[in-house]
$ cat run.csv   # CSV, C-alpha atoms
chain,number,residue,atom,x,y,z
A,16,MET,CA,0.0,0.0,0.0
A,17,ASN,CA,3.0,2.3,0.2
A,18,ALA,CA,4.0,3.2,-3.3
A,19,PRO,CA,7.4,4.7,-4.0
A,20,ASN,CA,7.7,8.1,-5.7
A,21,VAL,CA,4.0,8.9,-6.3
A,22,PRO,CA,3.8,12.5,-7.5
A,23,ASP,CA,2.7,15.0,-4.9
A,24,ILE,CA,-0.1,16.1,-7.2
A,25,VAL,CA,-1.6,12.6,-6.9
A,26,ILE,CA,-1.1,12.6,-3.1
A,27,SER,CA,-2.8,16.0,-2.9
A,28,ARG,CA,-6.0,14.6,-4.4
A,29,LEU,CA,-6.3,11.6,-2.1
A,30,PRO,CA,-7.6,13.6,0.9
A,31,VAL,CA,-10.2,15.2,-1.5
A,32,TYR,CA,-11.4,11.7,-2.5
A,33,LEU,CA,-11.4,10.6,1.2
A,34,ARG,CA,-13.5,13.6,2.3
A,35,ALA,CA,-16.1,13.0,-0.5
A,36,LEU,CA,-16.3,9.3,0.4
A,37,GLN,CA,-16.8,10.2,4.1
A,38,PHE,CA,-19.6,12.5,3.1
A,39,MET,CA,-21.1,9.6,1.1
A,40,GLU,CA,-20.7,7.3,4.1
A,41,GLN,CA,-22.6,9.8,6.3
A,42,GLN,CA,-25.4,9.9,3.8
A,43,GLY,CA,-25.6,6.1,3.9
A,44,ILE,CA,-24.2,5.5,0.5
A,45,LYS,CA,-22.6,2.0,0.3
A,46,THR,CA,-21.1,1.8,-3.2
A,47,THR,CA,-19.8,4.4,-5.7
A,48,SER,CA,-18.0,4.6,-9.0
A,49,SER,CA,-15.2,6.7,-10.3
A,50,VAL,CA,-17.7,8.6,-12.4
A,51,SER,CA,-19.9,9.4,-9.4
A,52,LEU,CA,-17.0,10.3,-7.2
A,53,GLY,CA,-15.5,12.4,-10.0
A,54,GLU,CA,-18.7,14.4,-10.3
A,55,LYS,CA,-18.6,15.2,-6.6
A,56,VAL,CA,-15.0,16.3,-6.6
A,57,GLY,CA,-14.7,17.9,-10.0
A,58,ILE,CA,-12.0,15.5,-11.2
A,59,SER,CA,-12.4,13.1,-14.2
A,60,ALA,CA,-13.2,9.4,-13.6
A,61,ALA,CA,-10.1,8.5,-15.6
A,62,GLN,CA,-7.9,10.6,-13.4
A,63,ILE,CA,-9.3,9.0,-10.2
A,64,ARG,CA,-8.8,5.5,-11.6
A,65,LYS,CA,-5.2,6.4,-12.6
A,66,ASP,CA,-4.5,8.0,-9.2
A,67,LEU,CA,-5.7,5.0,-7.3
A,68,SER,CA,-3.9,2.5,-9.5
A,69,GLN,CA,-0.7,3.9,-8.2
A,70,PHE,CA,-1.4,2.1,-4.9
A,71,GLY,CA,-2.8,-1.2,-6.1
A,72,GLU,CA,-6.2,-2.5,-7.2
A,73,PHE,CA,-9.4,-0.9,-6.0
A,74,GLY,CA,-13.0,-1.6,-6.8
A,75,LYS,CA,-14.3,-4.1,-9.2
A,76,GLN,CA,-15.1,-3.8,-12.9
A,77,GLY,CA,-18.9,-3.2,-13.2
A,78,THR,CA,-19.7,-2.9,-9.5
A,79,GLY,CA,-17.5,0.0,-8.6
A,80,TYR,CA,-16.1,0.8,-5.2
A,81,ASP,CA,-17.3,-0.2,-1.7
A,82,VAL,CA,-17.4,3.2,0.0
A,83,ASN,CA,-16.3,1.9,3.5
A,84,GLU,CA,-13.5,-0.2,2.0
A,85,LEU,CA,-12.1,2.6,-0.1
A,86,ILE,CA,-12.2,5.0,2.9
A,87,GLU,CA,-10.1,2.5,4.9
A,88,GLN,CA,-7.7,2.0,2.1
A,89,LEU,CA,-7.2,5.7,1.6
A,90,GLN,CA,-6.8,6.2,5.3
A,91,GLN,CA,-4.1,3.5,5.3
A,92,ILE,CA,-2.3,5.1,2.3
A,93,LEU,CA,-2.3,8.5,4.0
A,94,HIS,CA,-1.6,7.0,7.4
A,95,VAL,CA,-4.5,8.9,9.0
A,96,GLN,CA,-6.3,5.9,10.5
A,97,LYS,CA,-4.5,6.7,13.8
A,98,VAL,CA,-4.8,10.1,15.5
A,99,ARG,CA,-1.8,12.4,15.2
A,100,ASP,CA,-0.9,15.4,17.5
A,101,VAL,CA,-0.8,18.9,16.1
A,102,VAL,CA,0.3,22.1,17.8
A,103,LEU,CA,-1.6,25.3,17.2
A,104,VAL,CA,0.3,28.6,17.5
A,105,GLY,CA,-1.5,32.0,17.6
A,106,MET,CA,-4.6,32.2,19.6
A,107,GLY,CA,-6.3,35.2,18.0
A,108,GLU,CA,-9.8,34.9,16.5
A,109,LEU,CA,-8.6,32.4,13.9
A,110,GLY,CA,-6.8,30.2,16.5
A,111,HIS,CA,-10.0,30.2,18.6
A,112,ALA,CA,-12.0,29.2,15.5
A,113,ILE,CA,-9.6,26.4,14.6
A,114,LEU,CA,-9.7,25.1,18.1
A,115,ARG,CA,-13.5,24.9,17.9
A,116,TYR,CA,-13.6,23.5,14.4
A,117,GLY,CA,-15.7,20.4,14.2
A,118,GLY,CA,-14.0,18.9,11.2
A,119,PHE,CA,-11.0,17.2,12.8
A,120,ILE,CA,-13.0,14.4,14.4
A,121,ASN,CA,-12.3,10.9,12.8
A,122,ARG,CA,-10.0,12.4,10.3
A,123,GLY,CA,-6.7,11.7,11.9
A,124,PHE,CA,-5.7,14.8,13.9
A,125,ARG,CA,-6.0,16.2,17.4
A,126,ILE,CA,-4.7,19.5,18.6
A,127,CYS,CA,-2.5,18.7,21.6
A,128,HIS,CA,-1.4,22.2,22.7
A,129,CYS,CA,-2.1,25.8,21.8
A,130,TYR,CA,0.1,28.8,22.3
A,131,ASP,CA,0.2,32.6,22.3
A,132,ASN,CA,2.7,35.3,23.3
A,133,ASP,CA,0.1,37.6,24.8
A,134,PRO,CA,0.4,37.6,28.7
A,135,ALA,CA,-3.3,38.4,28.8
A,136,LYS,CA,-4.1,35.1,27.0
A,137,ILE,CA,-1.4,32.8,28.4
A,138,GLY,CA,-2.9,30.5,31.1
A,139,LYS,CA,-6.5,31.1,30.0
A,140,MET,CA,-8.7,28.0,29.3
A,141,ILE,CA,-10.6,27.5,26.1
A,142,GLY,CA,-12.7,24.4,26.6
A,143,GLU,CA,-10.3,21.7,27.7
A,144,TYR,CA,-7.3,23.7,26.4
A,145,LYS,CA,-5.0,26.0,28.4
A,146,ILE,CA,-3.2,28.6,26.3
A,147,LEU,CA,0.5,28.0,26.8
A,148,ASP,CA,3.3,30.5,26.6
A,149,VAL,CA,4.9,30.4,23.1
A,150,ALA,CA,8.2,30.8,24.9
A,151,ASP,CA,7.8,27.1,25.8
A,152,LEU,CA,6.9,26.1,22.2
A,153,GLY,CA,10.2,24.4,21.4
A,154,LYS,CA,10.4,22.6,24.7
A,155,THR,CA,6.9,21.1,24.5
A,156,ILE,CA,7.3,20.1,20.9
A,157,ARG,CA,10.4,18.1,21.8
A,158,GLU,CA,8.9,16.6,24.9
A,159,CYS,CA,5.7,15.4,23.2
A,160,ASN,CA,7.6,14.5,19.9
A,161,VAL,CA,5.0,16.5,17.8
A,162,LYS,CA,5.7,16.6,14.1
A,163,MET,CA,2.8,18.8,12.8
A,164,ALA,CA,1.8,22.4,13.4
A,165,MET,CA,-0.9,24.9,12.5
A,166,LEU,CA,0.4,28.4,12.3
A,167,CYS,CA,-2.1,31.3,12.7
A,168,THR,CA,0.1,34.1,14.1
A,169,PRO,CA,0.2,37.5,12.4
A,170,ALA,CA,2.3,37.4,9.2
A,171,ILE,CA,5.1,39.4,10.8
A,172,THR,CA,5.9,36.8,13.4
A,173,ALA,CA,5.2,33.7,11.3
A,174,GLN,CA,8.8,33.1,10.2
A,175,THR,CA,10.3,33.5,13.7
A,176,ILE,CA,7.8,30.9,15.0
A,177,THR,CA,8.5,28.7,12.0
A,178,ASP,CA,12.2,28.7,12.8
A,179,ILE,CA,11.6,27.6,16.4
A,180,MET,CA,9.2,24.9,15.3
A,181,VAL,CA,11.6,23.5,12.6
A,182,GLU,CA,14.5,23.5,15.1
A,183,SER,CA,12.3,21.6,17.6
A,184,GLY,CA,11.4,18.8,15.1
A,185,ILE,CA,8.2,19.9,13.3
A,186,LYS,CA,8.1,18.5,9.8
A,187,ALA,CA,4.8,19.7,8.5
A,188,ILE,CA,3.2,23.2,8.9
A,189,LEU,CA,-0.3,24.3,7.9
A,190,ASN,CA,0.2,28.0,7.4
A,191,TYR,CA,-2.7,30.4,7.7
A,192,ALA,CA,-0.5,33.5,7.7
A,193,PRO,CA,-0.6,35.3,4.4
A,194,VAL,CA,3.2,35.0,4.0
A,195,SER,CA,5.6,32.6,2.3
A,196,LEU,CA,7.7,30.6,4.8
A,197,ASN,CA,11.3,29.5,4.4
A,198,VAL,CA,11.9,26.0,5.6
A,199,PRO,CA,14.5,23.3,5.0
A,200,LYS,CA,13.8,20.7,2.2
A,201,ASP,CA,12.6,18.0,4.7
A,202,VAL,CA,9.9,20.2,6.1
A,203,ARG,CA,6.5,20.6,4.3
A,204,VAL,CA,4.3,23.7,4.3
A,205,GLN,CA,0.7,23.8,3.1
A,206,TYR,CA,-1.0,27.2,2.8
A,207,ILE,CA,-4.6,27.8,3.8
A,208,ASP,CA,-5.4,30.7,1.6
A,209,PRO,CA,-9.0,31.7,0.8
A,210,VAL,CA,-7.9,33.7,-2.2
A,211,ILE,CA,-6.8,30.5,-4.0
A,212,GLY,CA,-10.3,29.1,-3.8
A,213,LEU,CA,-11.9,32.4,-4.8
A,214,GLN,CA,-9.6,32.9,-7.8
A,215,ARG,CA,-10.3,29.4,-9.0
A,216,MET,CA,-14.0,30.1,-9.0
A,217,ALA,CA,-13.6,33.6,-10.5
A,218,TYR,CA,-12.3,31.9,-13.7
A,219,TYR,CA,-15.7,30.4,-14.3
A,220,LEU,CA,-17.7,33.5,-13.4
A,221,ASN,CA,-16.1,35.3,-16.2
A,222,LYS,CA,-16.5,32.6,-18.8
A,223,LYS,CA,-20.2,33.3,-18.9
B,14,MET,CA,-6.5,34.4,-23.5
B,15,ASN,CA,-9.7,32.6,-22.8
B,16,ALA,CA,-9.3,29.0,-23.7
B,17,PRO,CA,-12.3,26.8,-24.1
B,18,ASN,CA,-12.8,23.6,-21.9
B,19,VAL,CA,-9.6,23.8,-19.9
B,20,PRO,CA,-9.8,21.0,-17.3
B,21,ASP,CA,-10.7,22.4,-13.8
B,22,ILE,CA,-7.6,20.6,-12.4
B,23,VAL,CA,-5.5,23.0,-14.6
B,24,ILE,CA,-7.5,26.0,-13.5
B,25,SER,CA,-7.0,25.0,-9.9
B,26,ARG,CA,-3.3,25.3,-10.3
B,27,LEU,CA,-3.2,28.8,-11.8
B,28,PRO,CA,-3.9,30.6,-8.5
B,29,VAL,CA,-1.1,28.6,-6.9
B,30,TYR,CA,1.3,29.8,-9.6
B,31,LEU,CA,0.0,33.3,-9.3
B,32,ARG,CA,0.6,33.4,-5.6
B,33,ALA,CA,4.2,32.0,-5.9
B,34,LEU,CA,4.9,34.6,-8.6
B,35,GLN,CA,3.5,37.4,-6.4
B,36,PHE,CA,5.8,36.2,-3.5
B,37,MET,CA,8.7,36.4,-6.0
B,38,GLU,CA,7.7,39.9,-7.0
B,39,GLN,CA,7.6,41.0,-3.4
B,40,GLN,CA,11.2,39.6,-3.0
B,41,GLY,CA,12.3,41.6,-6.0
B,42,ILE,CA,12.8,38.6,-8.3
B,43,LYS,CA,12.4,39.7,-12.0
B,44,THR,CA,12.6,36.5,-14.0
B,45,THR,CA,12.0,32.8,-13.2
B,46,SER,CA,11.8,29.5,-15.0
B,47,SER,CA,9.3,26.6,-14.9
B,48,VAL,CA,11.9,24.6,-12.9
B,49,SER,CA,12.3,27.3,-10.3
B,50,LEU,CA,8.5,28.0,-10.1
B,51,GLY,CA,7.9,24.2,-9.9
B,52,GLU,CA,10.2,23.9,-6.9
B,53,LYS,CA,8.3,26.6,-5.1
B,54,VAL,CA,4.9,25.1,-5.6
B,55,GLY,CA,5.7,21.4,-5.6
B,56,ILE,CA,4.6,20.8,-9.2
B,57,SER,CA,6.8,19.6,-12.0
B,58,ALA,CA,8.2,22.0,-14.5
B,59,ALA,CA,6.7,20.0,-17.4
B,60,GLN,CA,3.3,20.2,-15.8
B,61,ILE,CA,3.6,24.0,-15.4
B,62,ARG,CA,4.6,24.4,-19.0
B,63,LYS,CA,1.8,22.2,-20.1
B,64,ASP,CA,-0.8,24.1,-18.0
B,65,LEU,CA,0.3,27.5,-19.3
B,66,SER,CA,0.4,26.2,-22.9
B,67,GLN,CA,-3.4,25.8,-22.8
B,68,PHE,CA,-3.6,29.6,-22.8
B,69,GLY,CA,-1.1,30.6,-25.4
B,70,GLU,CA,2.7,31.2,-25.3
B,71,PHE,CA,4.5,32.3,-22.2
B,72,GLY,CA,8.1,32.9,-21.5
B,73,LYS,CA,11.0,32.5,-23.9
B,74,GLN,CA,13.2,29.5,-24.5
B,75,GLY,CA,16.4,30.0,-22.6
B,76,THR,CA,15.4,33.2,-20.7
B,77,GLY,CA,12.3,31.9,-18.8
B,78,TYR,CA,9.4,34.0,-17.6
B,79,ASP,CA,9.2,37.7,-16.8
B,80,VAL,CA,7.7,37.6,-13.4
B,81,ASN,CA,5.6,40.7,-13.7
B,82,GLU,CA,4.4,39.8,-17.2
B,83,LEU,CA,3.3,36.3,-16.1
B,84,ILE,CA,1.5,37.7,-13.1
B,85,GLU,CA,-0.5,40.0,-15.4
B,86,GLN,CA,-1.2,37.2,-17.8
B,87,LEU,CA,-2.5,34.9,-15.1
B,88,GLN,CA,-4.5,37.7,-13.6
B,89,GLN,CA,-6.1,38.2,-17.0
B,90,ILE,CA,-6.9,34.5,-17.5
B,91,LEU,CA,-8.4,34.3,-14.0
B,92,HIS,CA,-10.1,37.7,-14.4
B,93,VAL,CA,-8.8,38.9,-11.1
B,94,GLN,CA,-7.1,42.0,-12.3
B,95,LYS,CA,-10.3,43.9,-11.3
B,96,VAL,CA,-11.7,43.8,-7.7
B,97,ARG,CA,-14.7,41.6,-7.2
B,98,ASP,CA,-17.3,41.9,-4.4
B,99,VAL,CA,-17.8,39.0,-2.0
B,100,VAL,CA,-20.3,38.7,0.9
B,101,LEU,CA,-19.3,37.1,4.2
B,102,VAL,CA,-21.9,35.2,6.2
B,103,GLY,CA,-21.3,34.2,9.8
B,104,MET,CA,-19.5,36.6,12.1
B,105,GLY,CA,-18.2,34.3,14.7
B,106,GLU,CA,-14.5,34.1,15.5
B,107,LEU,CA,-13.8,32.8,12.0
B,108,GLY,CA,-15.8,35.5,10.3
B,109,HIS,CA,-13.9,38.1,12.3
B,110,ALA,CA,-10.6,36.6,11.4
B,111,ILE,CA,-11.5,36.5,7.6
B,112,LEU,CA,-12.6,40.2,7.8
B,113,ARG,CA,-9.2,41.1,9.2
B,114,TYR,CA,-7.3,38.8,6.9
B,115,GLY,CA,-4.5,40.7,5.1
B,116,GLY,CA,-4.3,38.4,2.1
B,117,PHE,CA,-7.1,39.8,-0.1
B,118,ILE,CA,-5.3,43.0,-1.0
B,119,ASN,CA,-4.2,43.2,-4.7
B,120,ARG,CA,-5.5,39.6,-5.3
B,121,GLY,CA,-8.9,40.5,-6.8
B,122,PHE,CA,-11.5,40.4,-4.0
B,123,ARG,CA,-13.1,42.8,-1.5
B,124,ILE,CA,-15.6,41.8,1.2
B,125,CYS,CA,-18.6,44.1,0.5
B,126,HIS,CA,-21.0,43.1,3.3
B,127,CYS,CA,-20.9,40.8,6.3
B,128,TYR,CA,-23.9,39.2,8.0
B,129,ASP,CA,-24.9,37.4,11.2
B,130,ASN,CA,-28.2,36.2,12.7
B,131,ASP,CA,-27.3,37.1,16.3
B,132,PRO,CA,-29.2,40.3,17.5
B,133,ALA,CA,-26.2,41.0,19.8
B,134,LYS,CA,-24.0,41.2,16.7
B,135,ILE,CA,-26.2,42.9,14.1
B,136,GLY,CA,-25.4,46.6,13.8
B,137,LYS,CA,-22.0,46.3,15.4
B,138,MET,CA,-19.1,47.8,13.6
B,139,ILE,CA,-15.9,45.9,12.9
B,140,GLY,CA,-13.5,48.4,11.4
B,141,GLU,CA,-15.3,49.9,8.5
B,142,TYR,CA,-17.9,47.1,8.3
B,143,LYS,CA,-21.3,47.1,10.0
B,144,ILE,CA,-22.6,43.6,10.6
B,145,LEU,CA,-25.9,43.2,8.7
B,146,ASP,CA,-28.9,41.1,9.6
B,147,VAL,CA,-28.8,37.8,7.7
B,148,ALA,CA,-32.5,38.3,7.1
B,149,ASP,CA,-31.5,40.9,4.5
B,150,LEU,CA,-29.0,38.6,2.8
B,151,GLY,CA,-31.0,37.8,-0.3
B,152,LYS,CA,-32.1,41.4,-0.8
B,153,THR,CA,-28.6,42.9,-0.5
B,154,ILE,CA,-27.1,40.2,-2.8
B,155,ARG,CA,-29.6,41.1,-5.5
B,156,GLU,CA,-29.3,44.9,-5.0
B,157,CYS,CA,-25.5,44.8,-5.3
B,158,ASN,CA,-25.4,42.0,-7.9
B,159,VAL,CA,-22.9,40.0,-5.9
B,160,LYS,CA,-21.8,36.6,-7.3
B,161,MET,CA,-19.4,35.3,-4.7
B,162,ALA,CA,-19.8,34.4,-1.0
B,163,MET,CA,-17.7,33.2,1.9
B,164,LEU,CA,-19.7,31.0,4.3
B,165,CYS,CA,-18.5,30.5,7.8
B,166,THR,CA,-21.7,29.8,9.7
B,167,PRO,CA,-22.0,26.7,11.9
B,168,ALA,CA,-22.4,23.5,9.9
B,169,ILE,CA,-26.1,23.2,11.0
B,170,THR,CA,-27.2,26.4,9.2
B,171,ALA,CA,-24.9,26.2,6.2
B,172,GLN,CA,-27.3,24.6,3.8
B,173,THR,CA,-30.2,27.0,4.7
B,174,ILE,CA,-27.9,30.0,4.1
B,175,THR,CA,-26.6,28.4,0.9
B,176,ASP,CA,-30.2,28.0,-0.4
B,177,ILE,CA,-30.9,31.7,0.1
B,178,MET,CA,-27.6,32.8,-1.5
B,179,VAL,CA,-28.2,30.6,-4.6
B,180,GLU,CA,-31.7,31.8,-5.0
B,181,SER,CA,-30.4,35.4,-4.8
B,182,GLY,CA,-27.8,34.9,-7.6
B,183,ILE,CA,-24.6,33.7,-5.9
B,184,LYS,CA,-22.6,31.5,-8.3
B,185,ALA,CA,-19.5,30.7,-6.2
B,186,ILE,CA,-19.3,29.8,-2.5
B,187,LEU,CA,-16.1,29.4,-0.5
B,188,ASN,CA,-17.3,27.1,2.3
B,189,TYR,CA,-15.6,27.1,5.7
B,190,ALA,CA,-18.3,25.0,7.4
B,191,PRO,CA,-17.3,21.3,7.8
B,192,VAL,CA,-20.3,20.1,5.8
B,193,SER,CA,-21.1,19.2,2.1
B,194,LEU,CA,-23.3,21.7,0.4
B,195,ASN,CA,-26.0,20.9,-2.2
B,196,VAL,CA,-26.1,23.4,-5.0
B,197,PRO,CA,-27.3,23.5,-8.6
B,198,LYS,CA,-24.9,22.6,-11.4
B,199,ASP,CA,-24.2,26.2,-12.3
B,200,VAL,CA,-23.0,27.1,-8.8
B,201,ARG,CA,-19.4,26.3,-7.7
B,202,VAL,CA,-18.3,25.4,-4.1
B,203,GLN,CA,-14.8,25.4,-2.8
B,204,TYR,CA,-14.1,24.0,0.6
B,205,ILE,CA,-11.6,25.5,3.0
B,206,ASP,CA,-10.7,22.5,5.0
B,207,PRO,CA,-7.5,22.3,7.2
B,208,VAL,CA,-7.7,18.5,7.3
B,209,ILE,CA,-7.1,18.2,3.5
B,210,GLY,CA,-3.7,20.0,4.0
B,211,LEU,CA,-2.8,18.0,7.1
B,212,GLN,CA,-3.6,14.7,5.5
B,213,ARG,CA,-1.6,15.5,2.4
B,214,MET,CA,1.4,16.2,4.6
B,215,ALA,CA,0.8,13.2,6.9
B,216,TYR,CA,1.5,11.0,3.9
B,217,TYR,CA,5.1,12.1,3.8
B,218,LEU,CA,5.6,11.9,7.6
B,219,ASN,CA,4.9,8.2,7.4
B,220,LYS,CA,7.2,7.5,4.5
B,221,LYS,CA,10.2,8.1,6.6

$ encode --input "run.csv" --output "structure tokens"
Amino acid sequence: MNAPNVPDIVISRLPVYLRALQFMEQQGIKTTSSVSLGEKVGISAAQIRKDLSQFGEFGKQGTGYDVNELIEQLQQILHVQKVRDVVLVGMGELGHAILRYGGFINRGFRICHCYDNDPAKIGKMIGEYKILDVADLGKTIRECNVKMAMLCTPAITAQTITDIMVESGIKAILNYAPVSLNVPKDVRVQYIDPVIGLQRMAYYLNKK
Amino acid sequence: MNAPNVPDIVISRLPVYLRALQFMEQQGIKTTSSVSLGEKVGISAAQIRKDLSQFGEFGKQGTGYDVNELIEQLQQILHVQKVRDVVLVGMGELGHAILRYGGFINRGFRICHCYDNDPAKIGKMIGEYKILDVADLGKTIRECNVKMAMLCTPAITAQTITDIMVESGIKAILNYAPVSLNVPKDVRVQYIDPVIGLQRMAYYLNKK
């Protein structure tokens, strides 16, 4: 199930397939096809079949995919069947919203600690979470052996925080700050950027 | 510059190229190549050249791309050289964070109105914005002829709000709620979902 050298562009689509399948599962749908899945995610059926074929055989000719089975297989490929710890840095409005976000459940991630540098916020409780001092960020990342982080500080402090995280062992950063981060080659960054989604849709508005 | 029937998967990559080029521009970089751009966005140089070739000729053999020129061309293709109005629905912590987000500037979008259904919030000012009553959502969308929306209500009200927006003429929705939206075929939805980014990165953590 672990294929060598699959292009990142293929990997980037697997979570999209997984989410669509989990929506289907919630709606009680038991089987699907590459055509039906493709319509839901806006990717061609042929592309979906080609992507999945990189990891082995899925589904059956004529009967399609068993939704639950394909969910489990994708979870295995992405290694998100277990729950992984993520630190959250920057407890402004966005940090609060992420902490309360309902979409992490059953999808492989758990926020383990959250941090801020504002003395007025440090020590405060948000639900079950106590806001920690960002001065302890490196120490706690090392102690808990955390590898993933969500960064929602202001743009101006994002690089400084990133440097501390990378030095402490973080290997994957989800960056909400509207700024490009410099990281070593073995660290991955994904940007959460509403403008990317808006621009993609704007293309179609103008075609009409 | 307007190519017919370009696959959506190609369109989805153009904003990513555009953002990387705008980062380069900010850093004072004048020219780039498909190889260098590819390294920044994690997409192969061949794919970038193939994507751009759908819209005509870009760059010169041997000298690469003029960064400013390619920015302008991509902005034209995506029709984001002008500023487009977007409504924002749901003024919880996330809505507040989006309203203050610094990343919209010069990228083609402007939040024109924001809405909530909470009487304690309606009428309040956030910077230059007054929070409007969501009961007036349909009316104001029609009056201002807005076509795009950002949805950050709780999951439970997301579909109801979506129905009102679609009925009032919204054609593109950026959905922050962790729920699948049902819309007619001529309406586009993009999901802002942190888990997609985390899962994509998780794949690589486990390969080691």

$ interface_residues --input "run.csv" --of "chain A" --to "chain B" --cutoff "6 Å" --atoms "all atoms listed in the file" --output "PyMOL selection string"
chain A and resi 27+30+93+108-109+112+118+193+205+211-212+215+218

$ atom_distance --input "run.csv" --atom1 "atom CA of A:Lys145" --atom2 "atom CA of A:Leu103"
11.7 Å

$ residues_around --input "run.csv" --residues "stretch 132-135 of chain B" --least-positions-apart "4" --cutoff "10 Å" --atoms "all atoms listed in the file" --output "short mmCIF file (atom, residue, chain, number, x, y, z; two decimals) with C-alpha atoms, keeping the file's coordinate frame"
data_model
loop_
_atom_site.label_atom_id
_atom_site.label_comp_id
_atom_site.auth_asym_id
_atom_site.auth_seq_id
_atom_site.Cartn_x
_atom_site.Cartn_y
_atom_site.Cartn_z
CA MET B 104 -19.50 36.60 12.10
CA GLY B 105 -18.20 34.30 14.70
CA CYS B 127 -20.90 40.80 6.30
CA TYR B 128 -23.90 39.20 8.00
CA LYS B 143 -21.30 47.10 10.00
CA ILE B 144 -22.60 43.60 10.60
CA LEU B 145 -25.90 43.20 8.70
CA ASP B 146 -28.90 41.10 9.60
CA VAL B 147 -28.80 37.80 7.70
#

$ atom_distance --input "run.csv" --atom1 "atom CA of A:Val82" --atom2 "atom CA of A:Phe70"
16.8 Å

$ closest_residue --input "run.csv" --among "B:Ile154, B:Met178, B:Val19, B:Ile124" --to "B:Tyr142" --atoms "all atoms listed in the file"
B:Ile124
